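Contents: one structure, followed by commentary.
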Amino acid sequence: MKRTITTKAERATANIADRDNLGLPGAACRPDVGKGSAFPAAATANAAAPPIGDGLPGRKIGRTLNKKDEPFRSSPKEKDMKRKITEPAIEDPKSKIRNRNLLLILIIAVVALGVFGTGMSILEQSAKDEMLARKNQNYKPSLLGRVNPFLPDPTPTPTPQLSKELIYAGQRLLAVEDANANAAPPADLAVWRPLSGVWWVLGANQQSTSQQWGLPADKPVPGDYDGDGKTDFAIFRSGDWWIMRSSDSSSSSSSSSYMISLGASGDRPAQADFDGDGRTDPAVYHEDGANGVWKILLSTTNQVYEQQYGLASDTPAPADYDGDGRADLAVRRESNNTFYSRNSSNSQTQSAVIGTTGDLPVPSDYDGDGRADYALFRPSDTKWYIRESSTQTVTQTQWGISGDKLVQNDYDGDGKTDLAVWRESTGTWYIRQSASNGALRQEQFGVLNDIPVPAFYRR
């Protein structure tokens with residue numbers, strides 16, 4: 001018969017009775033367990049066992065029981081553990097919301113990834129179609145093609161190919177001209193007056209300008225030293241170069257001028273654009289015993305470059321003979337009537353035998369092929385001997401008279417150097433224009449003792 005236990009006291013009494021009936025240790029110590037027990041054999045066995053404790057009066061033998069044998073004495077911690085095992089878990093509402101949000105984010109990410117992959121496939125195919133359409137002459141980009149990241153930028157309209165590279169005479173060595181572009185402006189007529197140190201320039205518009213710069217003993221060395229496309233007023237004075245920048249708007253102020261030291265008294269100025277940066281480099285040809293030494297202040301590095309090339313008796317003749325846009329070291333040797341030049345493109349030396357004793361070197365680009373031609377003027381017969389680089393043939397043209405100053409330059413802007421002389425006695429310029437089949441241009445500009453310095457001043 002099943003018995004119902006309702007109180008804590010009844011539960012404790014029942015536990016003791018069950019233990020006594022099962023013959024557990026401590027049963028013989030109970031005063032209520034006697035011979036009338038349901039299990040006398042077990043009780044006898046337990047009675048023979050030694051008592052737990054010392055058996056002295058007043059001791060509570062029951063305290064020797066282990067806690068594991070007394071479920072009614074469970075600790076609070078054990079009760080909590082039992083409660084956790086038996087009671088159902090209650091889900092946290094915040095945790096439930098968080099799990100729902102994570103699931104929603106995961107779904108959105110999967111959908112977005114699918115949409116992104118589909119979009120990329122569409123853009124890629126659109127880019128391929130757009131590239132094929134570009135081959136059509138009447139191609140117009142679609143709306144998607146304007147923003148498609150897979151579509152490379154259209155190839156820019158090719159830059160028109162230059163018909164030729166032009167090397168001008170004078171101080172401006174290199175220029176370019178397009179087949180459909182307007183020709184470069186012609187060189188200006190100009191003289192430097194040593195007595196007053198004044199530069200006089202007659203522009204293409206027939207307007208005259210002047211600028212005082214230099215002293216009577218100076219040597220004029222015009223060139224585009226600041227690379228603005230305009231020739232600067234400059235003089236050489238015993239190893240010092242005094243240069244007035246045309247790029248400075250206040251060209252008459254002291255802030256627009258500067259001085260550099262290169263060379264010494266007796267050195268021959270040989271300025272040109274040796275590094276091809278569009279700026280004239282100060283340079284001198286120095287006699288070092290029997291040899292000729294070049295000293296060049298390169299504008300790209302601001303360092304002095306020295307190179308032995310030529311003999312002390314040679315005449316320096318720098319120009320761009322190989323057409324790479326850089327002036328080459330070159331000399332004219334009168335003892336054997338030979339030009340020697342070292343290509344800046346490959347450091348190889350080329351030479352040409354031309355002329356005779358007493359001829360004056362006048363190298364420049366007379367045939368318009370972008371390379372300077374070896375050329376001479378012979379005072380005895382007033383002829384120009386030009387070895388054209390385009391044909392390797394020597395042409396002869398009579399122009400001028402004995403005593404004229406040689407002022408070859410491109411005065412008609414066709415990219416070819418024109419034969420020209422300045423007659424000091426009358427201050428007259430005689431120019432044989434290559435653009436008009438050698439037609440004469442005659443200008444009176446300058447006076448006796450002036451030094452002609454034609455160039456691209458553009459004042």
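Note on naming: chains are A, B, ... as they come in the structure tokens, residues start from 1 per chain, ligands start from 1 in the order shown.
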
Need the shell around range 410-421 of chain A: protein/DNA/RNA residues with any atom at most 6 Å away, counting only C-alpha atoms. Skip same-chain ones fewer than 5 positions apart. Format as a PDB file with all heavy atoms, in the first residue's frame?
```pdb
ATOM      1  N   LEU A 166      61.536  70.327 -86.034  1.00  0.00           N
ATOM      2  CA  LEU A 166      62.271  71.408 -86.676  1.00  0.00           C
ATOM      3  C   LEU A 166      63.384  71.918 -85.775  1.00  0.00           C
ATOM      4  O   LEU A 166      63.167  72.191 -84.605  1.00  0.00           O
ATOM      5  CB  LEU A 166      61.315  72.556 -87.012  1.00  0.00           C
ATOM      6  CG  LEU A 166      60.069  72.135 -87.814  1.00  0.00           C
ATOM      7  CD1 LEU A 166      59.143  73.320 -87.985  1.00  0.00           C
ATOM      8  CD2 LEU A 166      60.471  71.583 -89.161  1.00  0.00           C
ATOM      9  N   ALA A 183      52.439  77.952 -88.990  1.00  0.00           N
ATOM     10  CA  ALA A 183      53.897  77.903 -88.857  1.00  0.00           C
ATOM     11  C   ALA A 183      54.342  78.712 -87.651  1.00  0.00           C
ATOM     12  O   ALA A 183      53.652  79.622 -87.195  1.00  0.00           O
ATOM     13  CB  ALA A 183      54.543  78.443 -90.120  1.00  0.00           C
ATOM     14  N   ALA A 184      55.510  78.355 -87.131  1.00  0.00           N
ATOM     15  CA  ALA A 184      56.056  79.076 -85.994  1.00  0.00           C
ATOM     16  C   ALA A 184      56.368  80.507 -86.416  1.00  0.00           C
ATOM     17  O   ALA A 184      56.666  80.773 -87.578  1.00  0.00           O
ATOM     18  CB  ALA A 184      57.318  78.381 -85.504  1.00  0.00           C
ATOM     19  N   PRO A 185      56.262  81.425 -85.471  1.00  0.00           N
ATOM     20  CA  PRO A 185      56.575  82.812 -85.828  1.00  0.00           C
ATOM     21  C   PRO A 185      58.025  82.938 -86.249  1.00  0.00           C
ATOM     22  O   PRO A 185      58.882  82.204 -85.763  1.00  0.00           O
ATOM     23  CB  PRO A 185      56.301  83.575 -84.530  1.00  0.00           C
ATOM     24  CG  PRO A 185      56.393  82.560 -83.450  1.00  0.00           C
ATOM     25  CD  PRO A 185      55.911  81.282 -84.055  1.00  0.00           C
ATOM     26  N   PRO A 186      58.305  83.811 -87.174  1.00  0.00           N
ATOM     27  CA  PRO A 186      59.680  83.955 -87.660  1.00  0.00           C
ATOM     28  C   PRO A 186      60.595  84.573 -86.610  1.00  0.00           C
ATOM     29  O   PRO A 186      60.146  85.185 -85.642  1.00  0.00           O
ATOM     30  CB  PRO A 186      59.521  84.882 -88.864  1.00  0.00           C
ATOM     31  CG  PRO A 186      58.284  85.666 -88.582  1.00  0.00           C
ATOM     32  CD  PRO A 186      57.369  84.737 -87.836  1.00  0.00           C
ATOM     33  N   ALA A 187      61.878  84.389 -86.813  1.00  0.00           N
ATOM     34  CA  ALA A 187      62.868  84.975 -85.915  1.00  0.00           C
ATOM     35  C   ALA A 187      62.847  86.493 -86.046  1.00  0.00           C
ATOM     36  O   ALA A 187      62.529  87.061 -87.091  1.00  0.00           O
ATOM     37  CB  ALA A 187      64.253  84.431 -86.239  1.00  0.00           C
ATOM     38  N   ASP A 365      69.758  73.715 -89.579  1.00  0.00           N
ATOM     39  CA  ASP A 365      68.867  72.816 -90.322  1.00  0.00           C
ATOM     40  C   ASP A 365      68.327  73.556 -91.540  1.00  0.00           C
ATOM     41  O   ASP A 365      67.263  74.174 -91.482  1.00  0.00           O
ATOM     42  CB  ASP A 365      67.716  72.345 -89.423  1.00  0.00           C
ATOM     43  CG  ASP A 365      66.836  71.322 -90.118  1.00  0.00           C
ATOM     44  OD1 ASP A 365      67.217  70.846 -91.195  1.00  0.00           O
ATOM     45  OD2 ASP A 365      65.761  71.016 -89.579  1.00  0.00           O
ATOM     46  N   TYR A 366      69.013  73.423 -92.660  1.00  0.00           N
ATOM     47  CA  TYR A 366      68.638  74.141 -93.888  1.00  0.00           C
ATOM     48  C   TYR A 366      67.601  73.375 -94.723  1.00  0.00           C
ATOM     49  O   TYR A 366      66.891  73.982 -95.528  1.00  0.00           O
ATOM     50  CB  TYR A 366      69.880  74.415 -94.736  1.00  0.00           C
ATOM     51  CG  TYR A 366      70.861  75.351 -94.069  1.00  0.00           C
ATOM     52  CD1 TYR A 366      71.915  74.865 -93.288  1.00  0.00           C
ATOM     53  CD2 TYR A 366      70.748  76.729 -94.210  1.00  0.00           C
ATOM     54  CE1 TYR A 366      72.810  75.708 -92.667  1.00  0.00           C
ATOM     55  CE2 TYR A 366      71.646  77.597 -93.597  1.00  0.00           C
ATOM     56  CZ  TYR A 366      72.675  77.077 -92.824  1.00  0.00           C
ATOM     57  OH  TYR A 366      73.565  77.929 -92.212  1.00  0.00           O
ATOM     58  N   ASP A 367      67.519  72.054 -94.555  1.00  0.00           N
ATOM     59  CA  ASP A 367      66.576  71.271 -95.358  1.00  0.00           C
ATOM     60  C   ASP A 367      65.319  70.890 -94.579  1.00  0.00           C
ATOM     61  O   ASP A 367      64.419  70.236 -95.124  1.00  0.00           O
ATOM     62  CB  ASP A 367      67.242  70.010 -95.913  1.00  0.00           C
ATOM     63  CG  ASP A 367      67.883  69.148 -94.828  1.00  0.00           C
ATOM     64  OD1 ASP A 367      67.699  69.468 -93.623  1.00  0.00           O
ATOM     65  OD2 ASP A 367      68.553  68.164 -95.166  1.00  0.00           O
ATOM     66  N   GLY A 368      65.222  71.284 -93.329  1.00  0.00           N
ATOM     67  CA  GLY A 368      63.997  71.086 -92.566  1.00  0.00           C
ATOM     68  C   GLY A 368      63.694  69.657 -92.174  1.00  0.00           C
ATOM     69  O   GLY A 368      62.515  69.316 -91.978  1.00  0.00           O
ATOM     70  N   ASP A 404      80.441  90.779 -94.887  1.00  0.00           N
ATOM     71  CA  ASP A 404      79.118  90.678 -94.266  1.00  0.00           C
ATOM     72  C   ASP A 404      79.183  89.800 -93.017  1.00  0.00           C
ATOM     73  O   ASP A 404      80.001  88.872 -92.917  1.00  0.00           O
ATOM     74  CB  ASP A 404      78.105  90.081 -95.256  1.00  0.00           C
ATOM     75  CG  ASP A 404      77.712  91.063 -96.359  1.00  0.00           C
ATOM     76  OD1 ASP A 404      78.023  92.262 -96.225  1.00  0.00           O
ATOM     77  OD2 ASP A 404      77.096  90.604 -97.355  1.00  0.00           O
ATOM     78  N   LYS A 405      78.277  90.076 -92.069  1.00  0.00           N
ATOM     79  CA  LYS A 405      78.139  89.238 -90.862  1.00  0.00           C
ATOM     80  C   LYS A 405      77.075  88.170 -91.156  1.00  0.00           C
ATOM     81  O   LYS A 405      76.019  88.470 -91.714  1.00  0.00           O
ATOM     82  CB  LYS A 405      77.711  90.079 -89.660  1.00  0.00           C
ATOM     83  CG  LYS A 405      78.680  91.208 -89.320  1.00  0.00           C
ATOM     84  CD  LYS A 405      79.941  90.673 -88.659  1.00  0.00           C
ATOM     85  CE  LYS A 405      80.877  91.819 -88.282  1.00  0.00           C
ATOM     86  NZ  LYS A 405      80.338  92.649 -87.177  1.00  0.00           N
ATOM     87  N   TRP A 429      69.874  94.113 -93.580  1.00  0.00           N
ATOM     88  CA  TRP A 429      69.723  92.666 -93.541  1.00  0.00           C
ATOM     89  C   TRP A 429      69.303  92.180 -94.924  1.00  0.00           C
ATOM     90  O   TRP A 429      68.359  92.703 -95.533  1.00  0.00           O
ATOM     91  CB  TRP A 429      68.653  92.250 -92.522  1.00  0.00           C
ATOM     92  CG  TRP A 429      68.978  92.672 -91.095  1.00  0.00           C
ATOM     93  CD1 TRP A 429      69.006  93.941 -90.600  1.00  0.00           C
ATOM     94  CD2 TRP A 429      69.303  91.803 -90.018  1.00  0.00           C
ATOM     95  NE1 TRP A 429      69.339  93.945 -89.276  1.00  0.00           N
ATOM     96  CE2 TRP A 429      69.522  92.632 -88.871  1.00  0.00           C
ATOM     97  CE3 TRP A 429      69.440  90.436 -89.878  1.00  0.00           C
ATOM     98  CZ2 TRP A 429      69.861  92.130 -87.623  1.00  0.00           C
ATOM     99  CZ3 TRP A 429      69.770  89.925 -88.621  1.00  0.00           C
ATOM    100  CH2 TRP A 429      69.984  90.751 -87.515  1.00  0.00           C
ATOM    101  N   TYR A 430      69.989  91.130 -95.403  1.00  0.00           N
ATOM    102  CA  TYR A 430      69.638  90.503 -96.679  1.00  0.00           C
ATOM    103  C   TYR A 430      69.302  89.030 -96.394  1.00  0.00           C
ATOM    104  O   TYR A 430      70.178  88.250 -96.021  1.00  0.00           O
ATOM    105  CB  TYR A 430      70.792  90.607 -97.674  1.00  0.00           C
ATOM    106  CG  TYR A 430      71.143  92.035 -98.048  1.00  0.00           C
ATOM    107  CD1 TYR A 430      72.101  92.748 -97.324  1.00  0.00           C
ATOM    108  CD2 TYR A 430      70.523  92.658 -99.128  1.00  0.00           C
ATOM    109  CE1 TYR A 430      72.430  94.048 -97.658  1.00  0.00           C
ATOM    110  CE2 TYR A 430      70.849  93.974 -99.480  1.00  0.00           C
ATOM    111  CZ  TYR A 430      71.791  94.657 -98.723  1.00  0.00           C
ATOM    112  OH  TYR A 430      72.114  95.969 -99.071  1.00  0.00           O
ATOM    113  N   ILE A 431      68.043  88.735 -96.595  1.00  0.00           N
ATOM    114  CA  ILE A 431      67.550  87.406 -96.211  1.00  0.00           C
ATOM    115  C   ILE A 431      67.015  86.688 -97.445  1.00  0.00           C
ATOM    116  O   ILE A 431      66.184  87.227 -98.187  1.00  0.00           O
ATOM    117  CB  ILE A 431      66.429  87.524 -95.155  1.00  0.00           C
ATOM    118  CG1 ILE A 431      66.953  88.262 -93.906  1.00  0.00           C
ATOM    119  CG2 ILE A 431      65.901  86.143 -94.772  1.00  0.00           C
ATOM    120  CD1 ILE A 431      65.871  88.636 -92.918  1.00  0.00           C
ATOM    121  N   ARG A 432      67.489  85.480 -97.648  1.00  0.00           N
ATOM    122  CA  ARG A 432      67.001  84.643 -98.747  1.00  0.00           C
ATOM    123  C   ARG A 432      65.953  83.689 -98.177  1.00  0.00           C
ATOM    124  O   ARG A 432      66.274  82.721 -97.530  1.00  0.00           O
ATOM    125  CB  ARG A 432      68.160  83.857 -99.381  1.00  0.00           C
ATOM    126  CG  ARG A 432      67.792  83.086-100.644  1.00  0.00           C
ATOM    127  CD  ARG A 432      69.028  82.392-101.201  1.00  0.00           C
ATOM    128  NE  ARG A 432      68.749  81.767-102.493  1.00  0.00           N
ATOM    129  CZ  ARG A 432      68.296  80.520-102.645  1.00  0.00           C
ATOM    130  NH1 ARG A 432      68.058  79.775-101.575  1.00  0.00           N
ATOM    131  NH2 ARG A 432      68.079  80.038-103.861  1.00  0.00           N
ATOM    132  N   GLN A 433      64.694  83.960 -98.438  1.00  0.00           N
ATOM    133  CA  GLN A 433      63.587  83.238 -97.805  1.00  0.00           C
ATOM    134  C   GLN A 433      63.339  81.894 -98.489  1.00  0.00           C
ATOM    135  O   GLN A 433      63.006  81.843 -99.671  1.00  0.00           O
ATOM    136  CB  GLN A 433      62.320  84.091 -97.841  1.00  0.00           C
ATOM    137  CG  GLN A 433      62.490  85.426 -97.101  1.00  0.00           C
ATOM    138  CD  GLN A 433      61.253  86.284 -97.180  1.00  0.00           C
ATOM    139  OE1 GLN A 433      60.474  86.368 -96.237  1.00  0.00           O
ATOM    140  NE2 GLN A 433      61.071  86.935 -98.319  1.00  0.00           N
ATOM    141  N   SER A 434      63.492  80.825 -97.711  1.00  0.00           N
ATOM    142  CA  SER A 434      63.311  79.481 -98.274  1.00  0.00           C
ATOM    143  C   SER A 434      61.843  79.177 -98.561  1.00  0.00           C
ATOM    144  O   SER A 434      61.540  78.339 -99.425  1.00  0.00           O
ATOM    145  CB  SER A 434      63.869  78.431 -97.307  1.00  0.00           C
ATOM    146  OG  SER A 434      63.255  78.544 -96.023  1.00  0.00           O
ATOM    147  N   ALA A 435      60.927  79.844 -97.870  1.00  0.00           N
ATOM    148  CA  ALA A 435      59.509  79.570 -98.074  1.00  0.00           C
ATOM    149  C   ALA A 435      58.992  80.136 -99.392  1.00  0.00           C
ATOM    150  O   ALA A 435      57.924  79.729 -99.854  1.00  0.00           O
ATOM    151  CB  ALA A 435      58.695  80.145 -96.915  1.00  0.00           C
TER     152      ALA A 435
END
```

* Near Pro222 in chain A, counting only C-alpha atoms, which residues have an atom at most 6 Å away, once you skip same-chain residues fewer than 5 positions from it, shown as a VMD selection string? -> chain A and resid 232 to 234

* To do: Check the DSSP output for the backbone and give back, as JSON, numbers by chain, the residues of range 263-439 of chain A in strand (DSSP E).
  => {"A": [268, 269, 283, 284, 285, 286, 287, 288, 291, 292, 293, 294, 295, 296, 297, 298, 303, 304, 305, 306, 307, 308, 309, 310, 311, 315, 316, 329, 330, 331, 332, 333, 338, 339, 340, 341, 342, 349, 350, 351, 352, 353, 360, 361, 374, 375, 376, 377, 378, 383, 384, 385, 386, 387, 394, 395, 396, 397, 398, 405, 406, 419, 420, 421, 422, 423, 428, 429, 430, 431, 432, 433, 439]}

* Between A:Gly276, A:Gly114, A:Pro318, A:Gly310, which is the closest to Ser364 in chain A once you count only C-alpha atoms? ->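 Closest residue, counting only C-alpha atoms: A:Pro318.
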
* For Val201 in chain A, the nearest of the candidates A:Ala455, A:Trp241, A:Ile122, A:Leu103, counting only C-alpha atoms ->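 Nearest candidate to Val201 in chain A out of A:Ala455, A:Trp241, A:Ile122, A:Leu103: A:Ala455.
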
Neighbour list for Asn346 in chain A as a PDB file with all heavy atoms, in the first residue's frame, cut-off 12 Å, only C-alpha atoms, skip fewer than 4 positions in-chain:
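The result, stored in selection.pdb:
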```pdb
ATOM      1  N   TYR A 321      72.791  67.336 -84.459  1.00  0.00           N
ATOM      2  CA  TYR A 321      73.087  66.672 -85.728  1.00  0.00           C
ATOM      3  C   TYR A 321      72.360  65.330 -85.866  1.00  0.00           C
ATOM      4  O   TYR A 321      72.179  64.851 -86.986  1.00  0.00           O
ATOM      5  CB  TYR A 321      74.600  66.462 -85.875  1.00  0.00           C
ATOM      6  CG  TYR A 321      75.382  67.761 -85.962  1.00  0.00           C
ATOM      7  CD1 TYR A 321      75.962  68.317 -84.831  1.00  0.00           C
ATOM      8  CD2 TYR A 321      75.529  68.421 -87.179  1.00  0.00           C
ATOM      9  CE1 TYR A 321      76.680  69.507 -84.900  1.00  0.00           C
ATOM     10  CE2 TYR A 321      76.246  69.615 -87.260  1.00  0.00           C
ATOM     11  CZ  TYR A 321      76.812  70.158 -86.108  1.00  0.00           C
ATOM     12  OH  TYR A 321      77.511  71.343 -86.187  1.00  0.00           O
ATOM     13  N   ASP A 322      71.975  64.706 -84.750  1.00  0.00           N
ATOM     14  CA  ASP A 322      71.302  63.409 -84.839  1.00  0.00           C
ATOM     15  C   ASP A 322      69.786  63.501 -84.661  1.00  0.00           C
ATOM     16  O   ASP A 322      69.084  62.497 -84.703  1.00  0.00           O
ATOM     17  CB  ASP A 322      71.876  62.412 -83.829  1.00  0.00           C
ATOM     18  CG  ASP A 322      71.812  62.934 -82.403  1.00  0.00           C
ATOM     19  OD1 ASP A 322      71.273  64.047 -82.185  1.00  0.00           O
ATOM     20  OD2 ASP A 322      72.299  62.238 -81.490  1.00  0.00           O
ATOM     21  N   GLY A 323      69.272  64.709 -84.455  1.00  0.00           N
ATOM     22  CA  GLY A 323      67.834  64.918 -84.425  1.00  0.00           C
ATOM     23  C   GLY A 323      67.120  64.377 -83.208  1.00  0.00           C
ATOM     24  O   GLY A 323      65.929  64.074 -83.287  1.00  0.00           O
ATOM     25  N   ASP A 324      67.793  64.268 -82.056  1.00  0.00           N
ATOM     26  CA  ASP A 324      67.134  63.744 -80.858  1.00  0.00           C
ATOM     27  C   ASP A 324      66.672  64.845 -79.917  1.00  0.00           C
ATOM     28  O   ASP A 324      66.221  64.565 -78.808  1.00  0.00           O
ATOM     29  CB  ASP A 324      68.065  62.783 -80.112  1.00  0.00           C
ATOM     30  CG  ASP A 324      69.266  63.488 -79.493  1.00  0.00           C
ATOM     31  OD1 ASP A 324      69.558  64.643 -79.889  1.00  0.00           O
ATOM     32  OD2 ASP A 324      69.933  62.885 -78.615  1.00  0.00           O
ATOM     33  N   ARG A 326      68.555  67.199 -78.629  1.00  0.00           N
ATOM     34  CA  ARG A 326      69.635  67.668 -77.761  1.00  0.00           C
ATOM     35  C   ARG A 326      70.831  68.082 -78.605  1.00  0.00           C
ATOM     36  O   ARG A 326      71.171  67.402 -79.579  1.00  0.00           O
ATOM     37  CB  ARG A 326      70.047  66.575 -76.779  1.00  0.00           C
ATOM     38  CG  ARG A 326      68.982  66.212 -75.769  1.00  0.00           C
ATOM     39  CD  ARG A 326      69.413  65.065 -74.876  1.00  0.00           C
ATOM     40  NE  ARG A 326      69.504  63.801 -75.616  1.00  0.00           N
ATOM     41  CZ  ARG A 326      69.930  62.666 -75.101  1.00  0.00           C
ATOM     42  NH1 ARG A 326      70.363  62.630 -73.848  1.00  0.00           N
ATOM     43  NH2 ARG A 326      69.941  61.564 -75.823  1.00  0.00           N
ATOM     44  N   ASP A 328      74.541  68.450 -79.775  1.00  0.00           N
ATOM     45  CA  ASP A 328      75.689  67.546 -79.713  1.00  0.00           C
ATOM     46  C   ASP A 328      76.988  68.347 -79.627  1.00  0.00           C
ATOM     47  O   ASP A 328      77.093  69.450 -80.194  1.00  0.00           O
ATOM     48  CB  ASP A 328      75.732  66.663 -80.969  1.00  0.00           C
ATOM     49  CG  ASP A 328      74.426  65.914 -81.192  1.00  0.00           C
ATOM     50  OD1 ASP A 328      73.877  65.381 -80.214  1.00  0.00           O
ATOM     51  OD2 ASP A 328      73.952  65.880 -82.341  1.00  0.00           O
ATOM     52  N   SER A 341      81.378  65.518 -84.799  1.00  0.00           N
ATOM     53  CA  SER A 341      80.285  65.681 -83.826  1.00  0.00           C
ATOM     54  C   SER A 341      80.043  64.348 -83.127  1.00  0.00           C
ATOM     55  O   SER A 341      80.165  63.285 -83.734  1.00  0.00           O
ATOM     56  CB  SER A 341      78.999  66.163 -84.509  1.00  0.00           C
ATOM     57  OG  SER A 341      78.525  65.203 -85.436  1.00  0.00           O
ATOM     58  N   ARG A 342      79.702  64.436 -81.846  1.00  0.00           N
ATOM     59  CA  ARG A 342      79.394  63.235 -81.066  1.00  0.00           C
ATOM     60  C   ARG A 342      77.903  63.204 -80.775  1.00  0.00           C
ATOM     61  O   ARG A 342      77.362  64.102 -80.123  1.00  0.00           O
ATOM     62  CB  ARG A 342      80.177  63.215 -79.749  1.00  0.00           C
ATOM     63  CG  ARG A 342      80.130  61.856 -79.057  1.00  0.00           C
ATOM     64  CD  ARG A 342      80.872  61.858 -77.747  1.00  0.00           C
ATOM     65  NE  ARG A 342      80.137  62.585 -76.713  1.00  0.00           N
ATOM     66  CZ  ARG A 342      80.437  62.525 -75.418  1.00  0.00           C
ATOM     67  NH1 ARG A 342      81.465  61.804 -75.010  1.00  0.00           N
ATOM     68  NH2 ARG A 342      79.745  63.199 -74.537  1.00  0.00           N
ATOM     69  N   GLN A 350      80.426  61.153 -85.554  1.00  0.00           N
ATOM     70  CA  GLN A 350      80.298  61.199 -86.998  1.00  0.00           C
ATOM     71  C   GLN A 350      81.106  62.388 -87.513  1.00  0.00           C
ATOM     72  O   GLN A 350      81.330  63.363 -86.795  1.00  0.00           O
ATOM     73  CB  GLN A 350      78.830  61.300 -87.424  1.00  0.00           C
ATOM     74  CG  GLN A 350      78.073  62.492 -86.864  1.00  0.00           C
ATOM     75  CD  GLN A 350      76.636  62.518 -87.365  1.00  0.00           C
ATOM     76  OE1 GLN A 350      76.347  62.077 -88.468  1.00  0.00           O
ATOM     77  NE2 GLN A 350      75.732  63.055 -86.546  1.00  0.00           N
TER      78      GLN A 350
END
```

* Asked: Given the choices A:Gln308, A:Thr397, A:Asn449, A:Ser247, which gets closest to Gly292 in chain A if the distance is worked out from only C-alpha atoms?
  ->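 Answer, going by the shortest atom-to-atom distance: A:Gln308.
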
Could you build a table of the residues in range 220-338 of chain A lying no more than 10 Å from range 352-361 of chain A, giving for each the nearest pair of atoms and their separation in Å rounded to one decimal place, using only C-alpha atoms, ordered by chain and ascending residue number, as CSV?
```
residue,atom,partner,partner_atom,distance
A:Thr315,CA,A:Pro361,CA,8.0
A:Pro316,CA,A:Pro361,CA,8.9
A:Ala317,CA,A:Pro361,CA,7.1
A:Val331,CA,A:Pro361,CA,9.1
A:Arg332,CA,A:Pro361,CA,6.9
A:Arg333,CA,A:Thr357,CA,9.5
A:Glu334,CA,A:Thr357,CA,5.9
A:Ser335,CA,A:Thr357,CA,7.4
A:Asn336,CA,A:Val353,CA,7.7
A:Asn337,CA,A:Thr356,CA,5.6
A:Thr338,CA,A:Val353,CA,4.3
```

* Asked: What is the distance between CA of Gly197 in chain A and CA of Leu215 in chain A, in Å to one decimal?
  ->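 A separation of 5.1 Å between them.
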
* Using CA of Tyr285 in chain A and CA of Tyr225 in chain A as the two end points, give the distance in Å to one decimal. =>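 Interatomic distance here is 18.4 Å.
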
* To do: Measuring atom to atom with only C-alpha atoms, identify which of A:Val221, A:Leu189, A:Ala127, A:Ala319 is nearest to Val284 in chain A.
  =>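 Checking each of A:Val221, A:Leu189, A:Ala127, A:Ala319 against Val284 in chain A, counting only C-alpha atoms, the winner is A:Val221.
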
* Can you work out the spacing between CA of Pro269 in chain A and CA of Val198 in chain A in Å, to one decimal? =>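 Spanning CA of Pro269 in chain A to CA of Val198 in chain A is a straight-line distance of 19.9 Å.
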